[in-house]
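Novice: File entry01.cif below, mmCIF, C-alpha atoms:
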```cif
data_entry
#
loop_
_atom_site.group_PDB
_atom_site.id
_atom_site.type_symbol
_atom_site.label_atom_id
_atom_site.label_comp_id
_atom_site.auth_asym_id
_atom_site.auth_seq_id
_atom_site.Cartn_x
_atom_site.Cartn_y
_atom_site.Cartn_z
ATOM 1 C CA MET L 1 11.384 9.480 15.015
ATOM 2 C CA GLN L 2 8.341 10.006 12.849
ATOM 3 C CA SER L 3 7.599 8.020 9.713
ATOM 4 C CA ASN L 4 6.693 9.470 6.362
ATOM 5 C CA ASN L 5 4.602 6.452 5.385
ATOM 6 C CA PRO L 6 0.810 6.900 5.589
ATOM 7 C CA VAL L 7 0.560 3.929 7.959
ATOM 8 C CA LEU L 8 3.216 5.265 10.324
ATOM 9 C CA THR L 9 2.702 8.997 10.441
ATOM 10 C CA ARG L 10 2.223 9.078 14.227
ATOM 11 C CA VAL L 11 4.707 6.389 15.239
ATOM 12 C CA GLU L 12 7.508 7.318 17.562
ATOM 13 C CA THR L 13 10.338 4.919 18.344
ATOM 14 C CA TYR L 14 12.774 4.786 21.186
ATOM 15 C CA SER L 15 16.210 3.291 21.658
ATOM 16 C CA ASP L 16 16.432 -0.258 22.950
ATOM 17 C CA PHE L 17 20.038 -1.362 22.805
ATOM 18 C CA ASN L 18 19.184 -4.748 24.308
ATOM 19 C CA ARG L 19 16.961 -5.823 21.413
ATOM 20 C CA PRO L 20 17.218 -3.273 18.603
ATOM 21 C CA MET L 21 15.731 -3.889 15.200
ATOM 22 C CA THR L 22 17.891 -4.766 12.211
ATOM 23 C CA ILE L 23 17.549 -4.108 8.503
ATOM 24 C CA ARG L 24 17.657 -7.847 7.840
ATOM 25 C CA GLY L 25 14.885 -8.453 10.360
ATOM 26 C CA ALA L 26 12.685 -5.775 8.809
ATOM 27 C CA ILE L 27 13.254 -7.179 5.324
ATOM 28 C CA GLN L 28 12.476 -10.721 6.452
ATOM 29 C CA LYS L 29 9.232 -9.668 8.083
ATOM 30 C CA SER L 30 8.284 -7.529 5.078
ATOM 31 C CA VAL L 31 8.830 -10.478 2.746
ATOM 32 C CA MET L 32 6.873 -12.800 5.040
ATOM 33 C CA LEU L 33 3.877 -10.467 5.234
ATOM 34 C CA THR L 34 3.954 -9.934 1.476
ATOM 35 C CA VAL L 35 4.019 -13.694 0.856
ATOM 36 C CA VAL L 36 1.092 -14.224 3.254
ATOM 37 C CA SER L 37 -0.957 -11.585 1.419
ATOM 38 C CA ALA L 38 -0.006 -12.994 -1.977
ATOM 39 C CA VAL L 39 -0.948 -16.559 -1.035
ATOM 40 C CA VAL L 40 -4.319 -15.492 0.369
ATOM 41 C CA GLY L 41 -5.001 -13.228 -2.600
ATOM 42 C CA ILE L 42 -4.065 -15.785 -5.255
ATOM 43 C CA THR L 43 -6.022 -18.548 -3.504
ATOM 44 C CA LEU L 44 -9.132 -16.381 -3.244
ATOM 45 C CA PHE L 45 -8.777 -15.190 -6.832
ATOM 46 C CA PHE L 46 -8.655 -18.689 -8.288
ATOM 47 C CA TYR L 47 -11.410 -19.938 -5.995
ATOM 48 C CA CYS L 48 -13.688 -17.138 -7.181
ATOM 49 C CA ALA L 49 -12.692 -17.910 -10.778
ATOM 50 C CA MET L 50 -13.430 -21.626 -10.456
ATOM 51 C CA THR L 51 -16.773 -21.065 -8.740
ATOM 52 C CA ALA L 52 -17.674 -17.894 -10.701
ATOM 53 C CA ASN L 53 -18.491 -16.313 -7.351
ATOM 54 C CA ALA L 54 -18.400 -12.570 -7.907
ATOM 55 C CA ASN L 55 -20.364 -11.918 -4.706
ATOM 56 C CA LEU L 56 -17.616 -13.539 -2.639
ATOM 57 C CA ALA L 57 -15.028 -11.407 -4.399
ATOM 58 C CA TYR L 58 -16.934 -8.194 -3.657
ATOM 59 C CA SER L 59 -17.453 -9.202 -0.021
ATOM 60 C CA ALA L 60 -13.811 -10.190 0.450
ATOM 61 C CA ALA L 61 -12.638 -6.915 -1.085
ATOM 62 C CA LEU L 62 -14.817 -4.858 1.261
ATOM 63 C CA VAL L 63 -13.966 -6.864 4.386
ATOM 64 C CA GLY L 64 -10.279 -6.844 3.506
ATOM 65 C CA MET L 65 -10.218 -3.123 2.785
ATOM 66 C CA PHE L 66 -11.937 -2.012 5.980
ATOM 67 C CA GLY L 67 -10.319 -4.708 8.150
ATOM 68 C CA GLY L 68 -6.865 -3.776 6.902
ATOM 69 C CA LEU L 69 -7.565 -0.077 7.385
ATOM 70 C CA ILE L 70 -8.683 -0.594 10.979
ATOM 71 C CA LEU L 71 -5.640 -2.690 11.885
ATOM 72 C CA ALA L 72 -3.328 -0.201 10.171
ATOM 73 C CA LEU L 73 -4.794 2.621 12.247
ATOM 74 C CA VAL L 74 -4.475 0.582 15.443
ATOM 75 C CA THR L 75 -0.792 -0.147 14.800
ATOM 76 C CA THR L 76 -0.213 3.489 13.903
ATOM 77 C CA PHE L 77 -1.552 4.783 17.224
ATOM 78 C CA LYS L 78 -0.327 1.761 19.234
ATOM 79 C CA PRO L 79 2.951 0.575 17.674
ATOM 80 C CA ASN L 80 3.433 -2.085 20.357
ATOM 81 C CA THR L 81 0.530 -4.024 18.798
ATOM 82 C CA ALA L 82 2.359 -4.432 15.473
ATOM 83 C CA PRO L 83 3.893 -7.870 16.249
ATOM 84 C CA THR L 84 0.433 -9.218 17.103
ATOM 85 C CA LEU L 85 -1.551 -7.543 14.325
ATOM 86 C CA ALA L 86 0.946 -7.799 11.446
ATOM 87 C CA VAL L 87 -0.146 -11.239 10.213
ATOM 88 C CA PRO L 88 -3.899 -10.513 10.566
ATOM 89 C CA TYR L 89 -3.254 -7.300 8.636
ATOM 90 C CA ALA L 90 -1.565 -9.295 5.870
ATOM 91 C CA LEU L 91 -4.539 -11.680 5.770
ATOM 92 C CA PHE L 92 -6.977 -8.793 5.363
ATOM 93 C CA GLU L 93 -4.824 -7.290 2.621
ATOM 94 C CA GLY L 94 -4.714 -10.651 0.876
ATOM 95 C CA ALA L 95 -8.504 -10.889 0.968
ATOM 96 C CA PHE L 96 -8.753 -7.367 -0.424
ATOM 97 C CA LEU L 97 -6.258 -8.074 -3.203
ATOM 98 C CA GLY L 98 -7.859 -11.357 -4.205
ATOM 99 C CA GLY L 99 -11.353 -9.924 -4.275
ATOM 100 C CA ILE L 100 -10.581 -6.700 -6.096
ATOM 101 C CA SER L 101 -8.352 -8.506 -8.595
ATOM 102 C CA PHE L 102 -11.161 -10.881 -9.546
ATOM 103 C CA VAL L 103 -13.584 -7.977 -9.938
ATOM 104 C CA PHE L 104 -11.164 -6.228 -12.293
ATOM 105 C CA GLN L 105 -10.474 -9.468 -14.140
ATOM 106 C CA LEU L 106 -14.161 -9.790 -14.931
ATOM 107 C CA LYS L 107 -14.323 -6.281 -16.350
ATOM 108 C CA TYR L 108 -10.796 -5.937 -17.753
ATOM 109 C CA PRO L 109 -9.360 -9.391 -18.565
ATOM 110 C CA GLY L 110 -5.615 -9.498 -17.972
ATOM 111 C CA ALA L 111 -5.504 -6.285 -15.938
ATOM 112 C CA PRO L 112 -4.477 -7.952 -12.622
ATOM 113 C CA LEU L 113 -1.465 -9.647 -14.240
ATOM 114 C CA GLN L 114 -0.403 -6.404 -15.911
ATOM 115 C CA ALA L 115 -0.748 -4.511 -12.623
ATOM 116 C CA LEU L 116 1.231 -7.195 -10.801
ATOM 117 C CA LEU L 117 4.069 -6.999 -13.316
ATOM 118 C CA ALA L 118 4.034 -3.191 -13.147
ATOM 119 C CA THR L 119 4.222 -3.311 -9.337
ATOM 120 C CA PHE L 120 7.084 -5.824 -9.386
ATOM 121 C CA VAL L 121 9.135 -3.913 -11.966
ATOM 122 C CA THR L 122 8.507 -0.545 -10.286
ATOM 123 C CA THR L 123 9.565 -1.925 -6.910
ATOM 124 C CA LEU L 124 12.856 -3.181 -8.366
ATOM 125 C CA VAL L 125 13.473 0.122 -10.138
ATOM 126 C CA MET L 126 12.728 2.218 -7.058
ATOM 127 C CA PHE L 127 14.963 0.027 -4.910
ATOM 128 C CA ALA L 128 17.801 0.365 -7.442
ATOM 129 C CA LEU L 129 17.348 4.152 -7.587
ATOM 130 C CA TYR L 130 17.415 4.304 -3.794
ATOM 131 C CA ARG L 131 20.490 2.096 -3.427
ATOM 132 C CA MET L 132 22.385 4.065 -6.064
ATOM 133 C CA GLN L 133 21.245 7.287 -4.343
ATOM 134 C CA ILE L 134 19.769 8.615 -7.553
ATOM 135 C CA ILE L 135 16.638 9.357 -5.547
ATOM 136 C CA ARG L 136 17.454 10.411 -2.006
ATOM 137 C CA ALA L 137 15.050 10.735 0.889
ATOM 138 C CA THR L 138 15.901 14.345 1.707
ATOM 139 C CA GLU L 139 13.718 16.337 4.057
ATOM 140 C CA LYS L 140 12.244 18.252 1.119
ATOM 141 C CA PHE L 141 11.505 15.005 -0.727
ATOM 142 C CA LYS L 142 9.807 13.548 2.346
ATOM 143 C CA ALA L 143 7.731 16.679 2.874
ATOM 144 C CA VAL L 144 6.519 16.739 -0.741
ATOM 145 C CA VAL L 145 5.640 13.028 -0.852
ATOM 146 C CA MET L 146 3.981 13.163 2.566
ATOM 147 C CA SER L 147 1.894 16.189 1.596
ATOM 148 C CA ALA L 148 0.826 14.590 -1.676
ATOM 149 C CA THR L 149 -0.002 11.328 0.098
ATOM 150 C CA LEU L 150 -2.101 13.087 2.710
ATOM 151 C CA ALA L 151 -3.949 15.044 0.027
ATOM 152 C CA LEU L 152 -4.699 11.829 -1.880
ATOM 153 C CA CYS L 153 -5.933 10.152 1.298
ATOM 154 C CA ILE L 154 -8.402 12.999 1.816
ATOM 155 C CA VAL L 155 -9.596 12.752 -1.790
ATOM 156 C CA PHE L 156 -10.151 8.992 -1.531
ATOM 157 C CA VAL L 157 -11.983 9.336 1.788
ATOM 158 C CA ILE L 158 -14.307 11.900 0.221
ATOM 159 C CA GLN L 159 -14.805 9.581 -2.751
ATOM 160 C CA LEU L 160 -15.673 6.638 -0.483
ATOM 161 C CA ILE L 161 -18.156 8.723 1.519
ATOM 162 C CA MET L 162 -19.830 9.982 -1.637
ATOM 163 C CA GLN L 163 -19.959 6.500 -3.143
ATOM 164 C CA PHE L 164 -21.327 4.649 -0.123
ATOM 165 C CA ALA L 165 -23.550 7.385 1.286
ATOM 166 C CA PHE L 166 -24.870 9.046 -1.869
ATOM 167 C CA GLY L 167 -24.083 6.627 -4.695
ATOM 168 C CA SER L 168 -22.147 9.319 -6.549
ATOM 169 C CA ALA L 169 -18.518 10.227 -7.185
ATOM 170 C CA ILE L 170 -16.211 13.211 -7.489
ATOM 171 C CA PRO L 171 -16.934 14.569 -10.990
ATOM 172 C CA TYR L 172 -14.410 13.617 -13.729
ATOM 173 C CA LEU L 173 -11.634 12.624 -11.299
ATOM 174 C CA PHE L 174 -12.491 8.918 -11.279
ATOM 175 C CA GLU L 175 -13.747 8.641 -14.852
ATOM 176 C CA SER L 176 -12.096 7.440 -18.045
ATOM 177 C CA ASN L 177 -11.174 10.856 -19.422
ATOM 178 C CA TRP L 178 -7.944 12.831 -19.671
ATOM 179 C CA LEU L 179 -8.377 14.219 -16.153
ATOM 180 C CA GLY L 180 -9.188 10.837 -14.631
ATOM 181 C CA ILE L 181 -6.271 9.129 -16.362
ATOM 182 C CA GLY L 182 -3.904 11.946 -15.398
ATOM 183 C CA PHE L 183 -5.033 11.686 -11.794
ATOM 184 C CA ALA L 184 -4.550 7.894 -11.860
ATOM 185 C CA VAL L 185 -0.998 8.372 -13.176
ATOM 186 C CA PHE L 186 -0.276 10.887 -10.418
ATOM 187 C CA VAL L 187 -1.584 8.469 -7.769
ATOM 188 C CA ALA L 188 0.599 5.657 -9.138
ATOM 189 C CA VAL L 189 3.670 7.915 -9.084
ATOM 190 C CA ILE L 190 3.087 9.053 -5.491
ATOM 191 C CA ALA L 191 2.431 5.472 -4.391
ATOM 192 C CA SER L 192 5.708 4.404 -5.985
ATOM 193 C CA LEU L 193 7.651 7.236 -4.370
ATOM 194 C CA ASN L 194 6.396 6.084 -0.974
ATOM 195 C CA LEU L 195 8.683 3.073 -1.415
ATOM 196 C CA ILE L 196 11.631 5.449 -1.030
ATOM 197 C CA LEU L 197 10.181 6.591 2.292
ATOM 198 C CA ASP L 198 9.777 2.957 3.385
ATOM 199 C CA PHE L 199 13.369 2.078 2.480
ATOM 200 C CA ASP L 200 14.615 5.170 4.307
ATOM 201 C CA LEU L 201 12.419 4.352 7.316
ATOM 202 C CA ILE L 202 13.953 0.894 7.652
ATOM 203 C CA GLU L 203 17.522 2.198 7.422
ATOM 204 C CA THR L 204 16.928 5.162 9.727
ATOM 205 C CA ALA L 205 15.063 3.140 12.352
ATOM 206 C CA ALA L 206 17.798 0.499 12.433
ATOM 207 C CA ALA L 207 20.518 3.164 12.676
ATOM 208 C CA GLN L 208 18.757 4.810 15.630
ATOM 209 C CA GLY L 209 18.363 1.537 17.524
ATOM 210 C CA ALA L 210 14.591 1.315 17.255
ATOM 211 C CA PRO L 211 12.954 -1.546 19.211
ATOM 212 C CA LYS L 212 12.564 -5.003 17.687
ATOM 213 C CA SER L 213 8.806 -4.501 17.231
ATOM 214 C CA MET L 214 9.588 -1.793 14.678
ATOM 215 C CA GLU L 215 10.530 -4.558 12.233
ATOM 216 C CA TRP L 216 6.873 -5.605 12.092
ATOM 217 C CA LEU L 217 5.776 -2.008 11.762
ATOM 218 C CA CYS L 218 8.148 -1.529 8.821
ATOM 219 C CA GLY L 219 6.736 -4.704 7.292
ATOM 220 C CA ILE L 220 3.195 -3.360 7.588
ATOM 221 C CA ALA L 221 4.274 -0.042 6.070
ATOM 222 C CA LEU L 222 6.002 -1.655 3.110
ATOM 223 C CA LEU L 223 3.098 -4.029 2.463
ATOM 224 C CA ALA L 224 0.653 -1.107 2.587
ATOM 225 C CA THR L 225 2.681 0.727 -0.041
ATOM 226 C CA LEU L 226 2.908 -2.342 -2.304
ATOM 227 C CA VAL L 227 -0.851 -2.854 -2.094
ATOM 228 C CA TRP L 228 -1.449 0.813 -2.852
ATOM 229 C CA MET L 229 0.888 0.611 -5.843
ATOM 230 C CA TYR L 230 -0.851 -2.476 -7.189
ATOM 231 C CA ILE L 231 -4.316 -0.955 -6.844
ATOM 232 C CA SER L 232 -3.087 2.276 -8.460
ATOM 233 C CA PHE L 233 -1.764 0.390 -11.479
ATOM 234 C CA LEU L 234 -4.944 -1.694 -11.595
ATOM 235 C CA ARG L 235 -7.113 1.447 -11.722
ATOM 236 C CA LEU L 236 -4.874 3.052 -14.326
ATOM 237 C CA ILE L 237 -4.998 -0.016 -16.576
ATOM 238 C CA GLY L 238 -8.761 -0.146 -16.201
ATOM 239 C CA LEU L 239 -9.152 3.493 -17.167
ATOM 240 C CA LEU L 240 -6.848 3.080 -20.175
ATOM 241 C CA SER L 241 -8.873 0.055 -21.261
ATOM 242 C CA ASN L 242 -12.006 2.181 -21.230
ATOM 243 C CA ASP L 243 -10.391 5.074 -23.019
#
```
Write the structure described by the file as C-alpha cells, please.

Specialist:
Amino acid sequence: MQSNNPVLTRVETYSDFNRPMTIRGAIQKSVMLTVVSAVVGITLFFYCAMTANANLAYSAALVGMFGGLILALVTTFKPNTAPTLAVPYALFEGAFLGGISFVFQLKYPGAPLQALLATFVTTLVMFALYRMQIIRATEKFKAVVMSATLALCIVFVIQLIMQFAFGSAIPYLFESNWLGIGFAVFVAVIASLNLILDFDLIETAAAQGAPKSMEWLCGIALLATLVWMYISFLRLIGLLSND
C-alpha cells in the first residue's frame, strides 16, 4: 500500500495479523504527537514573548523546520523507524511552530491565533465531510491532490533555495498581490484536502492489517498535514494584512 500523504509517499506496509494496527491506536498516537508539538510550541512562543527574544524564535523555527524535514524523510524511506522518531519529530515541529508563530506575531499581531482557529475549524469540517462521505478519497481525488502537493513541494523547495542561496524569491508568487494571495489560498486548500488522504490512509491501513508501527507513521503524517495547514493559514493572513 502506498500513501498519498507527502510524508508517506514511498511507504509500503505488509500484513501482520499478530499485531495489526487499529484506527483507535492511530488516532491516539496522532493526538499524542499533536499535543507534544502544541505544548512545545506554546511554551517556546510565550518564552520568546516574555524575554523578547526574536533571535531564539528564528533559530528555533529553522532548527525545527530542517530537523522535522530530515526525520520525516527518514521515516518515509525507513518506516520501521517511525516508533522511535515520532516523538522527536513532534518536538522539532513544536519548535518550528513556536518560533514561526512568534515571528508572525511580531509582524502581524493576532495572526497566530487566527491561523490556529482556522486550522481547528477546517480540521473539524474536513473530518465531518469525510465521515459523511461528502468528500470521498477516490483514486481520481487522490491523484489530483497528490499531484498538486508534489507540485507545491517543488515550488517551495525552489523558493527556499533562492532565498537562502541568492537572497531572492520567485517573482510575485510570495508577495502581497492578487497572485500571491491567490497562490496562498490554493496552498491552504490543498493542505486541507490532504487531511482526507490522512483519514483514508488510517482506515485503509487498518483494514489491510498493516503492522502496529504504522500507527506512528499515520500520526506523523497527520501532524505534518496539520502543521502545513497552520503555516498556510498563517501566510495567508499575513498577506491579507499587507494587502

Novice: Which is closest to Ser101 of chain L among L:Ile23, L:Phe183, L:Met229, L:Ala61, if we use all atoms listed in the file?

Specialist: L:Ala61

Novice: Quick check, in Å to one decimal: how far apart do atom CA of Gln114 of chain L and atom CA of Leu91 of chain L lie?

Specialist: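 So the two atoms, atom CA of Gln114 of chain L and atom CA of Leu91 of chain L, lie 22.7 Å apart.
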
Novice: If I put a ball of radius 7 Å at (4.8, -6.1, 2.3) in the file's coordinates, which residues poke into it when counting all atoms listed in the file, written as a list in words?

Specialist: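 Residues lying no farther than 7 Å from the given point: Ser30, Val31, Leu33, Thr34, Gly219, Ile220, Leu222, Leu223, Ala224 and Leu226 of chain L.
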
Novice: Go ahead and dump the residues you just picked, C-alpha atoms, as a short mmCIF file (atom, residue, chain, number, x, y, z; two decimals), keeping the file's coordinate frame.

Specialist:
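And here is the file that came out, again09.cif:
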```
data_model
loop_
_atom_site.label_atom_id
_atom_site.label_comp_id
_atom_site.auth_asym_id
_atom_site.auth_seq_id
_atom_site.Cartn_x
_atom_site.Cartn_y
_atom_site.Cartn_z
CA SER L 30 8.28 -7.53 5.08
CA VAL L 31 8.83 -10.48 2.75
CA LEU L 33 3.88 -10.47 5.23
CA THR L 34 3.95 -9.93 1.48
CA GLY L 219 6.74 -4.70 7.29
CA ILE L 220 3.20 -3.36 7.59
CA LEU L 222 6.00 -1.66 3.11
CA LEU L 223 3.10 -4.03 2.46
CA ALA L 224 0.65 -1.11 2.59
CA LEU L 226 2.91 -2.34 -2.30
#
```

Novice: Exactly which residues make up the result of the PyMOL selection byres ((chain L and resi 140-150) around 10) on this file, given as a list of chain:residue names?

Specialist: L:Ser3, L:Asn4, L:Asn5, L:Pro6, L:Thr9, L:Ile135, L:Arg136, L:Ala137, L:Thr138, L:Glu139, L:Ala151, L:Leu152, L:Cys153, L:Ile154, L:Val155, L:Phe156, L:Phe186, L:Val187, L:Val189, L:Ile190, L:Ala191, L:Leu193, L:Asn194, L:Ile196, L:Leu197, L:Asp200

Novice: Could you work out an axis-aligned box for segment 215-221 of chain L, taking every atom the file lists and adding 8 Å on each side, and report centre and edge lengths in Å to one decimal, as AutoDock Vina command-line options?

Specialist:
```
--center_x 6.9 --center_y -2.8 --center_z 9.2 --size_x 23.3 --size_y 21.6 --size_z 22.2
```

Novice: Could you check which of L:Leu129, L:Met162, L:Ala49, L:Ile100 is closest to Ile231 of chain L, using only C-alpha atoms?

Specialist: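 Once distances to Ile231 of chain L are computed over only C-alpha atoms, the minimum belongs to L:Ile100.
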
Novice: Between atom CA of Trp178 of chain L and atom CA of Gly110 of chain L, what is the distance in Å, rounded to a tenth?

Specialist: 22.5 Å

Novice: Taking 6 positions as the minimum chain separation for residues in the same chain, which residues sit within 10 Å of Val125 of chain L when counting all atoms listed in the file? Answer as a ChimeraX atom specification.

Specialist: /L:119,131,192

Novice: Between atom CA of Leu97 of chain L and atom CA of Leu234 of chain L, what is the distance, to one decimal in Å?

Specialist: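 It comes out at 10.6 Å.
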
Novice: Looking at L:Ala95, L:Leu217, L:Val74, L:Leu173, which one is nearest to Gly41 of chain L, with distances taken over only C-alpha atoms?

Specialist: L:Ala95

Novice: Of the residues L:Ile237, L:Asn242, L:Leu124, L:Leu201, which is the one nearest to Ala111 of chain L, using all atoms listed in the file?

Specialist: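 Of L:Ile237, L:Asn242, L:Leu124, L:Leu201, the one nearest Ala111 of chain L, counting all atoms listed in the file, is L:Ile237.
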
Novice: What's the 7 Å shell around Leu44 of chain L, counting all atoms listed in the file, without same-chain residues fewer than 4 positions away, as a compact mmCIF listing (two decimals) with C-alpha atoms, keeping the file's coordinate frame?

Specialist:
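Output file part-v7.txt follows:
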```
# COMPACT_ATOMS: atom_id res chain seq x y z
CA VAL L 40 -4.32 -15.49 0.37
CA CYS L 48 -13.69 -17.14 -7.18
CA ALA L 95 -8.50 -10.89 0.97
CA GLY L 98 -7.86 -11.36 -4.20
CA GLY L 99 -11.35 -9.92 -4.28
```

Novice: Nearest residue to Leu160 of chain L out of L:Ala26, L:Ala82, L:Ala90, L:Leu62, using all atoms listed in the file?

Specialist: L:Leu62

Novice: Ranking L:Val63, L:Ile70, L:Met132, L:Leu239 by minimum distance to Tyr172 of chain L and counting all atoms listed in the file, which one comes first?

Specialist: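 Counting all atoms listed in the file, the residue closest to Tyr172 of chain L is L:Leu239.
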
Novice: Write out as a ChimeraX atom specification which residues come within 8 Å of Glu93 of chain L when counting only C-alpha atoms, dropping same-chain ones fewer than 5 positions away.

Specialist: /L:37,41,64-65,68,227
